[in-house]
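Undergrad: For reference, the structure I am asking about is given below.
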Amino acid sequence: METWLKEQLTYGAKYFIPSLLKYPVTPKENERLRTLRAKTGGMIHGLCRADDPGKADLLRAAGVNWGRTGIAFPFDADGGVSEDFRRDLERLRRFRESGVKVLVTTPSVGYFLGRGIDPRTPEGEEKTRTVARFIMQQLQGLASGVCICNEIGIPRFGHPLNMDQAVRFLGVQAEAMAPFKGDIIVGYNTVGPQADQHYKMRPWFPYLDYVGFDMYIGCFFPVLTQLGIFALIAKYLWAFTGMPVMLVEFGYLAAGAPKSKAEKKAVLQKYGANSEKEAKAHIEDFLAHFNETGRKYVEKCATKGKANYVFGPDFVNHLYCELPRLVRIKGCPHTQEGQAEFYRRLLPRLEKLPFLAGMFIYTASDDSRCGICGQAECPTETQWGLCTADGTPKKGYYAVQEIWGSAGNQANS
Ligand SMILES: [Zn+2]
């Protein structure tokens with residue numbers, strides 16, 4: 001983890017600011033962008049986790065012309081094509097019929113390892129190429145875009161690969177897919193700027209159509225909460241890579257509030273401790289009272305000790321099911337109206353970026369339980385939806401509809 005952070009800072013210092021300074025003299029269009037636009041037909045207005053083709057009408061009504069969805073690993077343990085993969089292809093077929101295009105996120109490294117394919121070995125790399133080629137061949141006529149893996153340059157999704165290994169894992173897949181991709185656009189996504197990953201990906205750019213980044217502000221940390229950061233990172237990426245840029249994930253929490261000391265103490269007591277000090281001193285007991293999802297997540301991520309992790313910046317908001325007071329964008333409180341305001345302010349700004357291939361809002365609907373800490377009351381991974389968990393549109397949905405649902409966009413879809 002420390003190496004990861006050090007690399008972010010080192011490469012960031014070396015490439016982020018110089019690329020931003022280069023932006024004003026960088027042409028706003030190039031051959032790669034023209035080629036991509038010819039394939040996509042214009043700006044992509046997308047929605048993440050658009051997993052259900054039965055909701056295609058709801059998407060189209062909001063002016064959403066692309067959905068993003070994951071796809072299962074294609075092979076069973078015995079080498080046959082997996083039932084889950086077949087089911088996913090069928091889903092894509094239904095999306096295609098509905099007129100909503102799809103960006104498919106391919107399986108991450110954990111699924112390869114689970115099938116005994118270690119991309120760090122020569123044999124594993126060869127098999128990785130075979131899997132990537134097969135996926136691309138199967139997607140023909142069904143998908144319109146591919147995002148190779150998801151955020152593989154961060155430990156949470158890339159484990160156990162280091163950055164060099166993760167980049168090679170992406171690169172060989174891009175190379176294997178290239179001869180078969182036809183009109184399908186292919187790229188990858190990073191978390192924010194990740195200058196090290198984009199720098200190391202450069203030898204593989206000839207096989208790619210876009211570089212992607214994911215960005216959330218005002219939802220996790222109390223710093224860098226200005227809306228202008230989205231455009232800054234996009235501009236840096238364009239100037240740095242010369243590749244069309246895709247905002248593959250972004251969004252805003254529609255609920256979440258600070259908690260009082262008494263409320264926090266009540267959370268600790270629920271798990272058998274009277275204070276943070278006591279919880280830290282008996283962290284195993286404390287976690288034993290916690291739910292299984294949260295406990296497993298802590299076990300996976302707490303490389304520097306569980307007590308530090310549970311009460312550290314990655315997890316503490318989850319634990320207390322709160323969003324501290326300063327974790328927000330000014331003028332956009334964490335309410336349904338605040339979420340709507342976020343889209344009203346941001347979407348027109350993004351539309352003006354000439355080199356932006358598209359953007360995918362996170363996400364289609366709320367979740368009934370947090371996938372990280374396992375608590376139903378946790379806002380952090382449950383309140384991103386444009387619709388509620390039962391599919392009812394929220395104010396954010398109508399704000400997006402106001403902006404994207406124009407006649408121009410419908411013609412685009
Ligand atoms: Zn949570």
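Every chain in the structure tokens takes a letter, A first, then B, and so on in the order presented; its residues are numbered from 1, and the ligands are numbered from 1 following the presented order.
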Go through region 66-204 of chain A and collect every residue that DSSP, computed from the backbone, puts in strand (DSSP E); the answer should be as a list in words.
TA: Trp66, Gly67, Arg68, Thr69, Gly70, Lys101, Val102, Leu103, Val104, Thr105, Gly145, Val146, Cys147, Ile185, Val186, Gly187, Tyr188, Asn189, Thr190 and Val191 of chain A
Undergrad: Find the residues near Arg34 (chain A): any atom within 12 Å, counting only C-alpha atoms, skip ones fewer than 4 places away on the same chain, and give them as a list in words.
TA: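 Skipping anything fewer than 4 positions along the chain leaves Lys28, Glu29, Asn30, Ala38, Lys39, Thr40, Gly41, Gly42, Met43, Asp209, Tyr210, Met243, Pro244, Pro354, Phe355, Leu356 and Ala357 of chain A.
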Undergrad: Any chance you can output those residues with N, CA and C atoms as a PDB file, in the first residue's frame?
TA:
ATOM      1  N   LYS A  28      -7.525  20.395 -29.755  1.00  0.00           N
ATOM      2  CA  LYS A  28      -8.717  19.857 -29.070  1.00  0.00           C
ATOM      3  C   LYS A  28      -9.314  18.653 -29.796  1.00  0.00           C
ATOM      4  N   GLU A  29      -8.671  18.271 -30.885  1.00  0.00           N
ATOM      5  CA  GLU A  29      -9.163  17.116 -31.632  1.00  0.00           C
ATOM      6  C   GLU A  29      -7.962  16.406 -32.244  1.00  0.00           C
ATOM      7  N   ASN A  30      -8.055  15.120 -32.429  1.00  0.00           N
ATOM      8  CA  ASN A  30      -7.020  14.404 -33.180  1.00  0.00           C
ATOM      9  C   ASN A  30      -7.665  13.217 -33.896  1.00  0.00           C
ATOM     10  N   ALA A  38     -16.654   8.455 -34.688  1.00  0.00           N
ATOM     11  CA  ALA A  38     -17.316   7.781 -35.814  1.00  0.00           C
ATOM     12  C   ALA A  38     -17.952   6.480 -35.327  1.00  0.00           C
ATOM     13  N   LYS A  39     -17.312   5.843 -34.341  1.00  0.00           N
ATOM     14  CA  LYS A  39     -17.861   4.586 -33.824  1.00  0.00           C
ATOM     15  C   LYS A  39     -19.013   4.821 -32.845  1.00  0.00           C
ATOM     16  N   THR A  40     -18.904   5.854 -32.010  1.00  0.00           N
ATOM     17  CA  THR A  40     -19.914   6.051 -30.960  1.00  0.00           C
ATOM     18  C   THR A  40     -21.066   6.936 -31.431  1.00  0.00           C
ATOM     19  N   GLY A  41     -20.845   7.706 -32.468  1.00  0.00           N
ATOM     20  CA  GLY A  41     -21.906   8.564 -32.988  1.00  0.00           C
ATOM     21  C   GLY A  41     -22.125   9.821 -32.169  1.00  0.00           C
ATOM     22  N   GLY A  42     -21.203  10.173 -31.303  1.00  0.00           N
ATOM     23  CA  GLY A  42     -21.349  11.398 -30.506  1.00  0.00           C
ATOM     24  C   GLY A  42     -21.092  11.126 -29.037  1.00  0.00           C
ATOM     25  N   MET A  43     -21.396  12.113 -28.212  1.00  0.00           N
ATOM     26  CA  MET A  43     -21.126  11.994 -26.775  1.00  0.00           C
ATOM     27  C   MET A  43     -21.915  10.847 -26.140  1.00  0.00           C
ATOM     28  N   ASP A 209      -8.773   2.522 -27.534  1.00  0.00           N
ATOM     29  CA  ASP A 209      -9.532   3.621 -28.142  1.00  0.00           C
ATOM     30  C   ASP A 209      -9.749   4.791 -27.190  1.00  0.00           C
ATOM     31  N   TYR A 210      -9.681   4.523 -25.889  1.00  0.00           N
ATOM     32  CA  TYR A 210      -9.867   5.618 -24.930  1.00  0.00           C
ATOM     33  C   TYR A 210      -9.132   5.282 -23.626  1.00  0.00           C
ATOM     34  N   MET A 243      -5.141  10.556 -25.880  1.00  0.00           N
ATOM     35  CA  MET A 243      -6.215   9.582 -26.112  1.00  0.00           C
ATOM     36  C   MET A 243      -7.559  10.215 -25.743  1.00  0.00           C
ATOM     37  N   PRO A 244      -8.651   9.879 -26.470  1.00  0.00           N
ATOM     38  CA  PRO A 244      -9.970  10.314 -26.018  1.00  0.00           C
ATOM     39  C   PRO A 244     -10.175   9.883 -24.563  1.00  0.00           C
ATOM     40  N   PRO A 354     -14.230  19.101 -25.287  1.00  0.00           N
ATOM     41  CA  PRO A 354     -14.286  18.624 -26.676  1.00  0.00           C
ATOM     42  C   PRO A 354     -13.696  17.224 -26.878  1.00  0.00           C
ATOM     43  N   PHE A 355     -12.800  16.818 -25.981  1.00  0.00           N
ATOM     44  CA  PHE A 355     -12.089  15.542 -26.149  1.00  0.00           C
ATOM     45  C   PHE A 355     -12.719  14.430 -25.308  1.00  0.00           C
ATOM     46  N   LEU A 356     -13.835  14.754 -24.635  1.00  0.00           N
ATOM     47  CA  LEU A 356     -14.460  13.748 -23.770  1.00  0.00           C
ATOM     48  C   LEU A 356     -15.320  12.813 -24.630  1.00  0.00           C
ATOM     49  N   ALA A 357     -15.011  11.506 -24.527  1.00  0.00           N
ATOM     50  CA  ALA A 357     -15.752  10.521 -25.323  1.00  0.00           C
ATOM     51  C   ALA A 357     -17.129  10.276 -24.725  1.00  0.00           C
TER      52      ALA A 357
END
Undergrad: What residues have any atom no more than 7 Å from ligand 1 when counting only C-alpha atoms and all ligand atoms, and can you list them as a ChimeraX atom specification?
TA: /A:318-319,321,370-375,378-381
Undergrad: Take the residues just selected and output them with C-alpha atoms as a PDB file, in the first residue's frame.
TA:
ATOM      1  CA  HIS A 318     -18.755   2.968   6.959  1.00  0.00           C
ATOM      2  CA  LEU A 319     -18.458   1.892  10.566  1.00  0.00           C
ATOM      3  CA  CYS A 321     -22.770   5.004   8.833  1.00  0.00           C
ATOM      4  CA  CYS A 370     -23.636  -1.580   1.830  1.00  0.00           C
ATOM      5  CA  GLY A 371     -21.394  -3.968  -0.096  1.00  0.00           C
ATOM      6  CA  ILE A 372     -18.344  -2.904   1.944  1.00  0.00           C
ATOM      7  CA  CYS A 373     -19.436  -2.848   5.587  1.00  0.00           C
ATOM      8  CA  GLY A 374     -22.615  -4.899   5.181  1.00  0.00           C
ATOM      9  CA  GLN A 375     -24.790  -2.413   7.132  1.00  0.00           C
ATOM     10  CA  CYS A 378     -24.577   2.923   5.720  1.00  0.00           C
ATOM     11  CA  PRO A 379     -25.070   5.723   3.162  1.00  0.00           C
ATOM     12  CA  THR A 380     -21.642   5.339   1.551  1.00  0.00           C
ATOM     13  CA  GLU A 381     -22.416   2.471  -0.788  1.00  0.00           C
TER      14      GLU A 381
END
Undergrad: May I have the residues within 9 Å of region 302-317 of chain A as a VMD selection string, using only C-alpha atoms and disregarding those fewer than 2 positions away in the same chain?
TA: chain A and resid 1 220 to 221 276 279 to 284 297 to 300 319 to 324 372 to 373 378 to 380
Undergrad: With only C-alpha atoms as the atoms that count, which of A:Leu142, A:Leu326, A:Leu161, A:Val172 lies nearest to Thr130 (chain A)?
TA: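 Answer, going by the shortest atom-to-atom distance: A:Val172.
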Undergrad: Could you list, as an MDAnalysis selection string, every residue within 12 Å of Gly79 (chain A), counting only C-alpha atoms and ignoring same-chain residues fewer than 5 positions away?
TA: chainID A and resid 73:74 115:117 127 130:131
Undergrad: Can you write out the residues you just picked, keeping N, CA and C atoms, as a PDB file, in the first residue's frame?
TA:
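After the write, out_2.pdb holds the following:
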ATOM      1  N   PHE A  73     -16.899 -14.435 -15.992  1.00  0.00           N
ATOM      2  CA  PHE A  73     -15.758 -15.113 -16.591  1.00  0.00           C
ATOM      3  C   PHE A  73     -16.306 -16.168 -17.563  1.00  0.00           C
ATOM      4  N   PRO A  74     -15.737 -16.253 -18.771  1.00  0.00           N
ATOM      5  CA  PRO A  74     -16.412 -17.069 -19.795  1.00  0.00           C
ATOM      6  C   PRO A  74     -16.306 -18.581 -19.622  1.00  0.00           C
ATOM      7  N   ARG A 115      -9.592 -19.505 -11.701  1.00  0.00           N
ATOM      8  CA  ARG A 115      -9.607 -20.583 -12.704  1.00  0.00           C
ATOM      9  C   ARG A 115      -8.193 -21.128 -12.934  1.00  0.00           C
ATOM     10  N   GLY A 116      -7.282 -20.791 -12.019  1.00  0.00           N
ATOM     11  CA  GLY A 116      -5.910 -21.308 -12.122  1.00  0.00           C
ATOM     12  C   GLY A 116      -5.060 -20.599 -13.163  1.00  0.00           C
ATOM     13  N   ILE A 117      -5.521 -19.423 -13.609  1.00  0.00           N
ATOM     14  CA  ILE A 117      -4.738 -18.656 -14.602  1.00  0.00           C
ATOM     15  C   ILE A 117      -4.012 -17.513 -13.897  1.00  0.00           C
ATOM     16  N   LYS A 127      -2.846 -17.794 -21.639  1.00  0.00           N
ATOM     17  CA  LYS A 127      -4.263 -18.108 -21.408  1.00  0.00           C
ATOM     18  C   LYS A 127      -5.088 -16.828 -21.261  1.00  0.00           C
ATOM     19  N   THR A 130      -5.995 -15.727 -24.581  1.00  0.00           N
ATOM     20  CA  THR A 130      -7.062 -16.573 -25.152  1.00  0.00           C
ATOM     21  C   THR A 130      -8.429 -16.138 -24.614  1.00  0.00           C
ATOM     22  N   VAL A 131      -8.493 -15.884 -23.301  1.00  0.00           N
ATOM     23  CA  VAL A 131      -9.756 -15.463 -22.683  1.00  0.00           C
ATOM     24  C   VAL A 131     -10.208 -14.126 -23.276  1.00  0.00           C
TER      25      VAL A 131
END
Undergrad: Extract, using only C-alpha atoms, all DNA, RNA and protein residues at most 6 Å from Phe85 (chain A), discarding same-chain residues fewer than 3 positions from it, and format them as a count of residues only.
TA: 4
Undergrad: Which polymer residues have any atom within 12 Å of an atom of Asn274 (chain A), counting only C-alpha atoms, with same-chain residues fewer than 4 positions away left out, as a ChimeraX atom specification?
TA: /A:261-270,278-282,286
Undergrad: Give me, as a tab-separated table, each residue of region 140-251 of chain A that comes within 10 Å of region 93-98 of chain A, together with its shortest interatomic pair and the distance in Å at one decimal, counting only C-alpha atoms, with rows ordered by chain and rising residue number.
TA:
residue	atom	partner	partner_atom	distance
A:Gly141	CA	A:Arg96	CA	8.2
A:Leu142	CA	A:Arg93	CA	5.6
A:Ala143	CA	A:Arg96	CA	7.5
A:Ser144	CA	A:Arg96	CA	9.2
Undergrad: What lies within 10 Å of Gly12 (chain A) using only C-alpha atoms, ignoring chain neighbours under 3 positions off, as a short mmCIF file (atom, residue, chain, number, x, y, z; two decimals) with N, CA and C atoms, in the first residue's frame?
TA:
data_model
loop_
_atom_site.label_atom_id
_atom_site.label_comp_id
_atom_site.auth_asym_id
_atom_site.auth_seq_id
_atom_site.Cartn_x
_atom_site.Cartn_y
_atom_site.Cartn_z
N LYS A 6 3.25 6.03 -2.72
CA LYS A 6 4.47 6.73 -3.10
C LYS A 6 4.52 6.92 -4.63
N GLU A 7 4.15 5.87 -5.35
CA GLU A 7 4.16 5.96 -6.82
C GLU A 7 3.15 7.00 -7.32
N GLN A 8 1.97 7.04 -6.65
CA GLN A 8 0.96 8.03 -7.05
C GLN A 8 1.54 9.44 -6.93
N LEU A 9 2.22 9.68 -5.82
CA LEU A 9 2.75 11.02 -5.56
C LEU A 9 3.91 11.34 -6.51
N TYR A 15 4.08 14.27 -13.77
CA TYR A 15 3.28 14.35 -15.00
C TYR A 15 1.97 15.13 -14.89
N PHE A 16 1.42 15.27 -13.67
CA PHE A 16 0.10 15.89 -13.58
C PHE A 16 0.14 17.38 -13.93
N ILE A 17 0.93 18.13 -13.19
CA ILE A 17 0.99 19.58 -13.42
C ILE A 17 1.57 19.91 -14.81
N PRO A 18 2.70 19.29 -15.22
CA PRO A 18 3.22 19.60 -16.57
C PRO A 18 2.18 19.32 -17.67
N PRO A 193 -6.48 10.55 -11.08
CA PRO A 193 -5.42 10.78 -12.08
C PRO A 193 -4.49 9.59 -12.34
N GLN A 194 -4.07 8.87 -11.32
CA GLN A 194 -3.16 7.71 -11.46
C GLN A 194 -2.15 7.86 -12.60
N ALA A 195 -1.30 8.87 -12.46
CA ALA A 195 -0.33 9.16 -13.53
C ALA A 195 0.60 7.99 -13.78
N ASP A 196 0.91 7.21 -12.74
CA ASP A 196 1.83 6.08 -12.93
C ASP A 196 1.21 5.06 -13.89
#
Undergrad: Identify all residues of region 229-407 of chain A in helix (DSSP H, G or I) (DSSP on the backbone) and supply them as JSON, numbers by chain.
TA: {"A": [229, 230, 231, 232, 233, 234, 235, 236, 237, 238, 239, 240, 241, 261, 262, 263, 264, 265, 266, 267, 268, 269, 270, 276, 277, 278, 279, 280, 281, 283, 284, 285, 286, 287, 288, 289, 292, 293, 294, 295, 296, 297, 298, 299, 300, 301, 306, 307, 308, 309, 310, 316, 317, 318, 319, 320, 336, 337, 338, 339, 340, 341, 342, 343, 344, 345, 346, 347, 348, 349, 350, 351, 395, 396, 397, 398, 399, 400, 401, 402, 403, 404, 407]}
Undergrad: My list of candidates is A:Gly272, A:Pro203, A:Gly153, A:Gly391. Which is closest to Ala174 (chain A) when distances are computed with only C-alpha atoms?
TA: A:Pro203
